[in-house]
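Structure file data-v9.pdb; described as PDB, C-alpha atoms.
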```pdb
ATOM      1  CA  MET A 117      65.917 -55.822  64.585
ATOM      2  CA  ALA A 118      65.675 -54.644  60.990
ATOM      3  CA  LYS A 119      62.750 -52.371  60.225
ATOM      4  CA  GLN A 120      59.899 -53.936  58.267
ATOM      5  CA  LYS A 121      59.878 -52.981  54.604
ATOM      6  CA  TYR A 122      57.477 -53.760  51.795
ATOM      7  CA  TYR A 123      58.539 -54.554  48.251
ATOM      8  CA  VAL A 124      56.492 -53.679  45.185
ATOM      9  CA  VAL A 125      57.115 -55.781  42.085
ATOM     10  CA  TRP A 126      55.490 -54.172  39.059
ATOM     11  CA  TYR A 127      57.051 -56.592  36.583
ATOM     12  CA  GLY A 128      58.050 -60.008  37.879
ATOM     13  CA  ASN A 129      56.873 -63.566  38.263
ATOM     14  CA  PRO A 130      54.457 -62.817  39.735
ATOM     15  CA  ALA A 131      53.946 -59.078  40.233
ATOM     16  CA  GLY A 132      52.638 -58.042  43.631
ATOM     17  CA  ILE A 133      53.506 -56.682  47.068
ATOM     18  CA  TYR A 134      55.890 -58.658  49.282
ATOM     19  CA  ASP A 135      56.691 -58.266  52.968
ATOM     20  CA  SER A 136      60.269 -59.566  52.779
ATOM     21  CA  TRP A 137      63.285 -59.238  50.518
ATOM     22  CA  ASN A 138      63.551 -63.014  50.133
ATOM     23  CA  LYS A 139      60.013 -63.209  48.729
ATOM     24  CA  CYS A 140      60.733 -60.265  46.440
ATOM     25  CA  LYS A 141      63.940 -61.927  45.176
ATOM     26  CA  LYS A 142      62.025 -65.053  44.195
ATOM     27  CA  ALA A 143      59.523 -62.932  42.245
ATOM     28  CA  ILE A 144      62.212 -61.174  40.218
ATOM     29  CA  ALA A 145      64.682 -64.055  39.824
ATOM     30  CA  GLY A 146      65.386 -64.704  36.153
ATOM     31  CA  VAL A 147      63.051 -61.925  35.000
ATOM     32  CA  SER A 148      64.809 -59.689  32.494
ATOM     33  CA  GLY A 149      63.978 -56.042  33.152
ATOM     34  CA  ALA A 150      62.227 -56.752  36.453
ATOM     35  CA  GLN A 151      60.663 -53.656  38.002
ATOM     36  CA  TYR A 152      60.663 -53.449  41.789
ATOM     37  CA  MET A 153      61.266 -51.087  44.722
ATOM     38  CA  SER A 154      61.062 -51.045  48.516
ATOM     39  CA  PHE A 155      58.779 -48.868  50.629
ATOM     40  CA  GLU A 156      58.660 -48.014  54.316
ATOM     41  CA  THR A 157      54.935 -48.662  54.846
ATOM     42  CA  LEU A 158      52.274 -50.960  53.429
ATOM     43  CA  LYS A 159      50.088 -47.959  52.606
ATOM     44  CA  GLU A 160      52.839 -46.462  50.424
ATOM     45  CA  ALA A 161      53.434 -49.822  48.765
ATOM     46  CA  LYS A 162      49.739 -50.230  47.930
ATOM     47  CA  ALA A 163      49.580 -46.733  46.450
ATOM     48  CA  ALA A 164      52.728 -47.377  44.413
ATOM     49  CA  TYR A 165      51.502 -50.708  43.058
ATOM     50  CA  ASP A 166      48.441 -49.025  41.563
ATOM     51  CA  ARG A 167      50.689 -46.554  39.751
ATOM     52  CA  GLU A 168      53.492 -47.043  37.250
ATOM     53  CA  TYR A 169      57.101 -48.017  37.943
ATOM     54  CA  ARG A 170      58.257 -44.983  35.986
ATOM     55  CA  ASP A 171      56.625 -42.761  38.617
ATOM     56  CA  TYR A 172      59.169 -44.055  41.157
ATOM     57  CA  LYS A 173      62.194 -45.091  39.100
ATOM     58  CA  GLY A 174      65.328 -43.246  40.188
ATOM     59  CA  LYS A 175      63.730 -41.830  43.323
ATOM     60  CA  GLY A 176      64.841 -44.623  45.638
ATOM     61  CA  SER A 177      62.994 -46.025  48.621
ATOM     62  CA  SER A 178      60.308 -43.817  50.092
ATOM     63  CA  LYS A 179      61.241 -41.688  53.094
ATOM     64  CA  LYS A 180      59.137 -40.740  56.065
ATOM     65  CA  LYS A 181      57.518 -37.389  55.427
ATOM     66  CA  ARG A 182      58.426 -34.598  57.794
ATOM     67  CA  THR A 183      55.695 -32.825  59.703
ATOM     68  CA  LEU A 184      54.685 -29.352  58.582
ATOM     69  CA  THR A 185      55.501 -26.275  60.607
ATOM     70  CA  PRO A 186      52.586 -24.177  61.933
ATOM     71  CA  LEU A 187      53.302 -21.608  59.215
ATOM     72  CA  GLU A 188      53.213 -24.276  56.495
ATOM     73  CA  LYS A 189      49.958 -25.668  57.867
ATOM     74  CA  ALA A 190      48.438 -22.197  57.898
ATOM     75  CA  LYS A 191      48.909 -21.978  54.131
ATOM     76  CA  PHE A 192      46.343 -24.757  53.690
ATOM     77  CA  GLY A 193      43.755 -22.986  55.844
ATOM     78  CA  GLU A 194      41.050 -25.051  57.518
ATOM     79  CA  PRO A 195      38.896 -27.750  55.882
ATOM     80  CA  ASN A 196      35.383 -26.798  54.827
ATOM     81  CA  LEU A 197      33.125 -28.583  57.308
ATOM     82  CA  TYR A 198      30.090 -28.093  55.057
ATOM     83  CA  SER A 199      31.137 -31.177  53.153
ATOM     84  CA  ILE A 200      31.312 -34.938  53.107
ATOM     85  CA  SER A 201      34.475 -37.045  53.093
ATOM     86  CA  VAL A 202      35.086 -40.439  51.491
ATOM     87  CA  ASP A 203      37.723 -43.100  51.956
ATOM     88  CA  ALA A 204      38.439 -46.784  51.319
ATOM     89  CA  ALA A 205      40.340 -49.567  53.050
ATOM     90  CA  SER A 206      41.860 -52.695  51.550
ATOM     91  CA  SER A 207      43.456 -55.595  53.424
ATOM     92  CA  GLY A 208      45.891 -56.697  50.754
ATOM     93  CA  ASN A 209      46.393 -55.622  47.175
ATOM     94  CA  PRO A 210      44.195 -57.083  45.972
ATOM     95  CA  GLY A 211      42.267 -58.047  49.082
ATOM     96  CA  LYS A 212      39.031 -57.439  50.946
ATOM     97  CA  MET A 213      38.006 -53.856  50.275
ATOM     98  CA  GLU A 214      35.301 -51.521  51.540
ATOM     99  CA  TYR A 215      34.533 -47.833  51.278
ATOM    100  CA  ARG A 216      32.368 -45.233  52.969
ATOM    101  CA  GLY A 217      31.323 -41.613  53.121
ATOM    102  CA  VAL A 218      30.854 -39.517  56.259
ATOM    103  CA  ASP A 219      29.791 -36.044  57.297
ATOM    104  CA  THR A 220      33.106 -34.195  57.599
ATOM    105  CA  GLN A 221      32.123 -32.315  60.753
ATOM    106  CA  THR A 222      30.299 -34.984  62.744
ATOM    107  CA  LYS A 223      31.888 -38.096  61.176
ATOM    108  CA  LYS A 224      28.408 -39.601  60.942
ATOM    109  CA  GLN A 225      28.464 -42.385  58.355
ATOM    110  CA  LEU A 226      26.301 -41.541  55.357
ATOM    111  CA  PHE A 227      26.920 -44.631  53.226
ATOM    112  CA  HIS A 228      29.050 -47.766  53.251
ATOM    113  CA  GLN A 229      29.712 -50.545  50.751
ATOM    114  CA  GLY A 230      31.584 -53.819  51.192
ATOM    115  CA  PRO A 231      33.559 -55.661  52.000
ATOM    116  CA  PHE A 232      34.206 -56.897  48.471
ATOM    117  CA  LEU A 233      36.229 -60.113  48.345
ATOM    118  CA  GLN A 234      38.868 -58.859  45.937
ATOM    119  CA  GLY A 235      39.564 -55.199  45.332
ATOM    120  CA  THR A 236      42.214 -52.503  45.668
ATOM    121  CA  ASN A 237      42.354 -49.309  47.668
ATOM    122  CA  ASN A 238      42.337 -47.105  44.567
ATOM    123  CA  VAL A 239      39.252 -48.841  43.173
ATOM    124  CA  GLY A 240      37.548 -48.277  46.522
ATOM    125  CA  GLU A 241      38.521 -44.596  46.532
ATOM    126  CA  PHE A 242      37.100 -44.208  43.022
ATOM    127  CA  LEU A 243      33.811 -45.914  43.890
ATOM    128  CA  ALA A 244      33.534 -43.917  47.107
ATOM    129  CA  LEU A 245      33.877 -40.655  45.189
ATOM    130  CA  VAL A 246      31.291 -41.600  42.572
ATOM    131  CA  HIS A 247      28.908 -42.824  45.303
ATOM    132  CA  GLY A 248      29.429 -39.564  47.197
ATOM    133  CA  ILE A 249      28.806 -37.391  44.151
ATOM    134  CA  ALA A 250      25.641 -39.346  43.303
ATOM    135  CA  PHE A 251      24.552 -39.135  46.951
ATOM    136  CA  LEU A 252      24.870 -35.334  46.996
ATOM    137  CA  LYS A 253      23.198 -34.940  43.586
ATOM    138  CA  LYS A 254      20.217 -37.033  44.697
ATOM    139  CA  LYS A 255      19.780 -34.849  47.774
ATOM    140  CA  GLY A 256      20.203 -31.648  45.794
ATOM    141  CA  SER A 257      23.050 -30.668  48.129
ATOM    142  CA  ASP A 258      25.648 -28.035  47.304
ATOM    143  CA  ARG A 259      28.198 -29.439  49.734
ATOM    144  CA  ILE A 260      31.704 -30.228  48.483
ATOM    145  CA  ILE A 261      33.289 -33.661  48.745
ATOM    146  CA  TYR A 262      36.763 -34.470  50.051
ATOM    147  CA  SER A 263      39.043 -37.319  48.965
ATOM    148  CA  ASP A 264      42.672 -37.948  49.928
ATOM    149  CA  SER A 265      43.345 -39.841  46.678
ATOM    150  CA  ARG A 266      44.632 -37.856  43.707
ATOM    151  CA  ILE A 267      44.494 -41.054  41.649
ATOM    152  CA  ALA A 268      40.779 -41.547  42.311
ATOM    153  CA  MET A 269      40.090 -37.877  41.651
ATOM    154  CA  GLY A 270      41.848 -38.211  38.299
ATOM    155  CA  TRP A 271      39.849 -41.307  37.395
ATOM    156  CA  VAL A 272      36.581 -39.570  38.243
ATOM    157  CA  LYS A 273      37.561 -36.578  36.128
ATOM    158  CA  LYS A 274      38.265 -38.898  33.182
ATOM    159  CA  LYS A 275      35.112 -40.939  33.940
ATOM    160  CA  LYS A 276      37.217 -44.102  33.824
ATOM    161  CA  CYS A 277      38.471 -46.462  36.548
ATOM    162  CA  ASN A 278      41.957 -47.131  35.219
ATOM    163  CA  THR A 279      42.767 -50.052  37.525
ATOM    164  CA  LYS A 280      45.303 -52.785  36.792
ATOM    165  CA  LEU A 281      43.172 -55.310  38.657
ATOM    166  CA  LYS A 282      42.177 -58.182  36.376
ATOM    167  CA  GLN A 283      38.565 -59.331  36.345
ATOM    168  CA  THR A 284      37.940 -62.812  37.730
ATOM    169  CA  ALA A 285      34.927 -64.775  38.901
ATOM    170  CA  LYS A 286      35.821 -63.737  42.456
ATOM    171  CA  ASN A 287      35.691 -59.990  41.791
ATOM    172  CA  LYS A 288      32.940 -59.975  39.158
ATOM    173  CA  PRO A 289      30.479 -58.098  41.466
ATOM    174  CA  LEU A 290      33.097 -55.384  41.972
ATOM    175  CA  PHE A 291      33.653 -54.942  38.239
ATOM    176  CA  GLU A 292      29.899 -54.736  37.731
ATOM    177  CA  LEU A 293      29.849 -51.885  40.250
ATOM    178  CA  ILE A 294      32.781 -50.199  38.489
ATOM    179  CA  ALA A 295      30.876 -50.379  35.190
ATOM    180  CA  ARG A 296      27.798 -48.847  36.843
ATOM    181  CA  ALA A 297      29.925 -46.054  38.316
ATOM    182  CA  GLU A 298      31.540 -45.259  34.957
ATOM    183  CA  HIS A 299      28.138 -45.299  33.259
ATOM    184  CA  TRP A 300      26.747 -42.930  35.903
ATOM    185  CA  LEU A 301      29.609 -40.471  35.411
ATOM    186  CA  LYS A 302      29.149 -40.470  31.633
ATOM    187  CA  ASN A 303      25.388 -39.931  31.822
ATOM    188  CA  ASN A 304      24.884 -37.652  34.825
ATOM    189  CA  PRO A 305      26.191 -34.100  34.853
ATOM    190  CA  TYR A 306      26.913 -32.812  38.350
ATOM    191  CA  LYS A 307      28.068 -29.607  40.023
ATOM    192  CA  THR A 308      29.668 -31.116  43.113
ATOM    193  CA  VAL A 309      33.174 -29.785  43.698
ATOM    194  CA  VAL A 310      35.722 -32.515  44.480
ATOM    195  CA  VAL A 311      38.544 -31.294  46.727
ATOM    196  CA  LYS A 312      41.807 -32.897  47.840
ATOM    197  CA  TRP A 313      41.938 -33.552  51.584
ATOM    198  CA  GLU A 314      45.295 -32.200  52.795
ATOM    199  CA  THR A 315      46.399 -34.962  55.157
ATOM    200  CA  LYS A 316      49.736 -33.300  55.919
ATOM    201  CA  ALA A 317      47.981 -30.257  57.342
ATOM    202  CA  TRP A 318      44.702 -31.647  58.684
ATOM    203  CA  GLY A 319      45.477 -35.212  59.704
ATOM    204  CA  GLU A 320      43.665 -38.297  58.451
ATOM    205  CA  ILE A 321      40.487 -37.754  56.465
ATOM    206  CA  PRO A 322      37.356 -38.128  58.664
ATOM    207  CA  ALA A 323      36.186 -41.143  56.631
ATOM    208  CA  ASP A 324      39.431 -43.015  57.370
ATOM    209  CA  PHE A 325      38.927 -46.571  58.671
ATOM    210  CA  GLY A 326      41.796 -46.236  61.146
ATOM    211  CA  ARG A 327      43.662 -49.377  60.110
ATOM    212  CA  LYS A 328      47.115 -47.983  59.329
TER
END
```
Write the structure described by the file as structure tokens, please.
Amino acid sequence: MAKQKYYVVWYGNPAGIYDSWNKCKKAIAGVSGAQYMSFETLKEAKAAYDREYRDYKGKGSSKKKRTLTPLEKAKFGEPNLYSISVDAASSGNPGKMEYRGVDTQTKKQLFHQGPFLQGTNNVGEFLALVHGIAFLKKKGSDRIIYSDSRIAMGWVKKKKCNTKLKQTAKNKPLFELIARAEHWLKNNPYKTVVVKWETKAWGEIPADFGRK
């Protein structure tokens, strides 16, 4: 049996993520300059769809990442347990989305939002980070915050949720929350240090929803 693949169509009719080559072919048929690529997992496909085609062009289908050796893992050290971790989960792209923050050491849930009817994983990661930063600021905590999303970390740094998701009546509440998050970032200085969670060395982030 052929292994399941997922196809990202950045430019097609319509763009989206497809779970078969036949569906992908229909989306790119007759489209001049169609932009598409296959991925091994749905998680990789979702992450790719929220980025640009040029980030993947010429690199071919994604390959399974090799595990790190003990020496390579040692270079990352151990995670700082005096911290909180955030993550998001989306069933579809777009699809139902939720996010949460947990204590990194105990995995006790500190906050949770959703599910929203129509969102993306990257939007959830962004909102989770902003919520976490605001949460720590309100408590006057000097803990750091972990995220496994470089995209979300970049958006927070720029104080702008640079999503491709189009606003509709269905996702209006989500876009209202995005606007609130951007406004908070632009009007509230903070000292919280945002750190990349090194999944390759430490495993899944403690806030992970476990749906992969």
*For Lys282 of chain A, work out the shell of residues within 12 Å, counting only C-alpha atoms and skipping chain neighbours fewer than 2 positions away, then give it as a PyMOL selection string.*
chain A and resi 209-210+234-236+239+278-280+284-288+290-291
*Tell me which protein, DNA and RNA residues are within 8 Å of segment 197-206 of chain A, counting all atoms listed in the file, leaving out same-chain ones fewer than 4 positions away, and put them as a ChimeraX atom specification.*
/A:210-221,235-238,240-241,244-245,248,259-264,321-325,327
*asked:* Need the shell around segment 148-156 of chain A: protein/DNA/RNA residues with any atom at most 6 Å away, counting all atoms listed in the file. Skip same-chain ones fewer than 5 positions apart. Format as a ChimeraX atom specification?
replied: /A:121-128,161,177-178
Please expand the PyMOL selection byres ((chain A and resi 269) around 9) into the concrete residues it hits in this file, giving the result as a PDB file with C-alpha atoms, keeping the file's coordinate frame.
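Output below, filename part36.pdb:
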```pdb
ATOM      1  CA  GLU A 241      38.521 -44.596  46.532  1.00  0.00           C
ATOM      2  CA  PHE A 242      37.100 -44.208  43.022  1.00  0.00           C
ATOM      3  CA  LEU A 245      33.877 -40.655  45.189  1.00  0.00           C
ATOM      4  CA  SER A 263      39.043 -37.319  48.965  1.00  0.00           C
ATOM      5  CA  ASP A 264      42.672 -37.948  49.928  1.00  0.00           C
ATOM      6  CA  SER A 265      43.345 -39.841  46.678  1.00  0.00           C
ATOM      7  CA  ARG A 266      44.632 -37.856  43.707  1.00  0.00           C
ATOM      8  CA  ILE A 267      44.494 -41.054  41.649  1.00  0.00           C
ATOM      9  CA  ALA A 268      40.779 -41.547  42.311  1.00  0.00           C
ATOM     10  CA  GLY A 270      41.848 -38.211  38.299  1.00  0.00           C
ATOM     11  CA  TRP A 271      39.849 -41.307  37.395  1.00  0.00           C
ATOM     12  CA  VAL A 272      36.581 -39.570  38.243  1.00  0.00           C
ATOM     13  CA  LYS A 273      37.561 -36.578  36.128  1.00  0.00           C
ATOM     14  CA  LYS A 274      38.265 -38.898  33.182  1.00  0.00           C
ATOM     15  CA  VAL A 310      35.722 -32.515  44.480  1.00  0.00           C
ATOM     16  CA  VAL A 311      38.544 -31.294  46.727  1.00  0.00           C
ATOM     17  CA  LYS A 312      41.807 -32.897  47.840  1.00  0.00           C
TER      18      LYS A 312
END
```
*What gap, in Å, lies between atom CA of Gln283 of chain A and atom CA of Gly230 of chain A?*
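A separation of 17.3 Å between them.
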_Quick check, in Å to one decimal: how far apart do atom CA of Phe251 of chain A and atom CA of Phe227 of chain A lie?_
8.7 Å
*asked:* Taking the file as I've supplied it (selection: the PyMOL selection byres ((chain A and resi 142) around 12)), which residues are included? Please answer as a list in words.
replied: Tyr123, Val125, Gly128, Asn129, Pro130, Ala131, Gly132, Tyr134, Ser136, Trp137, Asn138, Lys139, Cys140, Lys141, Ala143, Ile144, Ala145, Gly146, Val147, Ala150 and Tyr152 of chain A
*Atom pair atom CA of Tyr165 of chain A / atom CA of Ile133 of chain A: separation (Å)*: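 Atom CA of Ile133 of chain A lies at a distance of 7.5 Å from atom CA of Tyr165 of chain A.
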_Using all atoms listed in the file for the distances, tell me which of A:Trp318, A:Gly326, A:Leu293, A:Cys277 is nearest to Pro186 of chain A._
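So, comparing all the options, the nearest one is A:Trp318.
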_What's around Pro305 of chain A at 12 Å? Count all atoms listed in the file, leave out sequence neighbours fewer than 6 positions away in its own chain, and write the answer as a list in words._
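The filter keeps Val246, Ile249, Ala250, Lys253, Lys254, Lys273, Lys275 and His299 of chain A.
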